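Just below is one structure, and these are the notes that go with it.
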Amino acid sequence: MLFRYRGSEGMLAWAFHRISGVAIWAFILLHVLDIWLANVNATLYNDLLGLYGSPVGRVGESLLGAALLYHALNGLRIIIMDFWPSMTRYHKQLWYANWVAFVVIGVPILIQIMAPAFGLTAPFTFGGA
Amino acid sequence: MAIRVSRAGSSPRPQTGGWELAIWYLMRLTGLGLFVTALAHFIIVHFISDPAVQTADWIAKNRWADAAWRTVDWLMLAFVVFHAFMGLRIVVQDYTKGSARMALTMALYIGAFVIFAMGTMALITFKAAGPVQP
């Protein structure tokens, strides 16, 4: 249905925006609860953190990052079209530009997040952190 | 039931004015705010650092060591609660009607208040886990 109904870039852009938005909303609920928990019961929170750092947790992190990055980039595309309506003519090109930015920004972050799951050290290092 | 969406996949500006127009603008304003704060947050927590080391103590000593970072994060909390819950309100209003729509919308408003209160409480009262009390 997702690929057949209307089916053009605009419809897919909208569907992905909605799916990623609902997913991020669900994560926000979890995230505020876990930070609230960190203050109330630090030991329980630190146990939960083991789950976040596990290989499965890292896949979840990557999916969250992908949802966030897509939603952010497509959100900019929406704002551009809302405030400069003439840009709506190029809505498909803007969507393709989103995917280029998505891959360019996303791949290094994906490697950084997933490396420890394969027993590798994260490639980018920063002093102090 | 009608899904109000343009061919390019965005919601048209409400023509009625009033609250709905204000919410429409605020969705875009908080969206821009989150583009900066939420993406920066993700980069700091998942790229520069790693969640595996971010114990409650780490949060107290690094992320929230000073009031400026807590203020930035509180701003992000305000943006995200509005944006996420008002976004879900659009979804609810697209697929429901009548009393179900009313009940779910009210549940969203209450949920938004609870999450905002819990986040604010954590931000204000967060402290390092001190030495174990006897």
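By order of appearance in the structure tokens: chains A, B, ..., then residues from 1 within every chain, and ligands from 1 in the order shown.
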Practice problem: Can you pull out every residue within 10 Å of range 15-17 of chain A, counting only C-alpha atoms, but drop anything in the same chain fewer than 5 positions away, and send it as a PyMOL selection string? | Solution: (chain A and resi 2-3+9-10+22-23+67-68+70-75) or (chain B and resi 9-10)
Quiz item: Quick one: which residues from chain A are at most 8 Å off chain B, using only C-alpha atoms, as a PyMOL selection string?
Solution: chain A and resi 9-14+18+21-22+24-25+29+32-33+35-36+38-39+42+45-46+49-50+52-53+65+68-69+72+75-76+78-79+82+88+91-92+109+112-113+124-126+129
Exercise. Calculate how many Å separate CA of Thr105 in chain B from CA of Met86 in chain B, rounding to one decimal.
Key: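 Separation between CA of Thr105 in chain B and CA of Met86 in chain B: 9.3 Å.
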Self-check item: Which of chain B fall in alpha helix (DSSP H), as a PyMOL selection string
Solution: chain B and resi 18-42+56-58+67-95+98-125
Quiz item: Which is closer to Ala101 in chain A than all the others in A:Ala66, A:Leu37, A:Leu44, A:Leu30, using only C-alpha atoms?
Solution: A:Ala66
Quiz prompt | Counting only C-alpha atoms, the residue of A:Ser20, A:Ser62, A:Ser54, A:Thr43 that sits nearest Pro116 in chain A | solution =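 Nearest candidate to Pro116 in chain A out of A:Ser20, A:Ser62, A:Ser54, A:Thr43: A:Ser54.
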Exercise. Enter the distance from CA of Thr71 in chain B to CA of Ala40 in chain B, in Å, rounded to one decimal.
Key: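 If I compute the distance from CA of Thr71 in chain B to CA of Ala40 in chain B, I get 14.4 Å.
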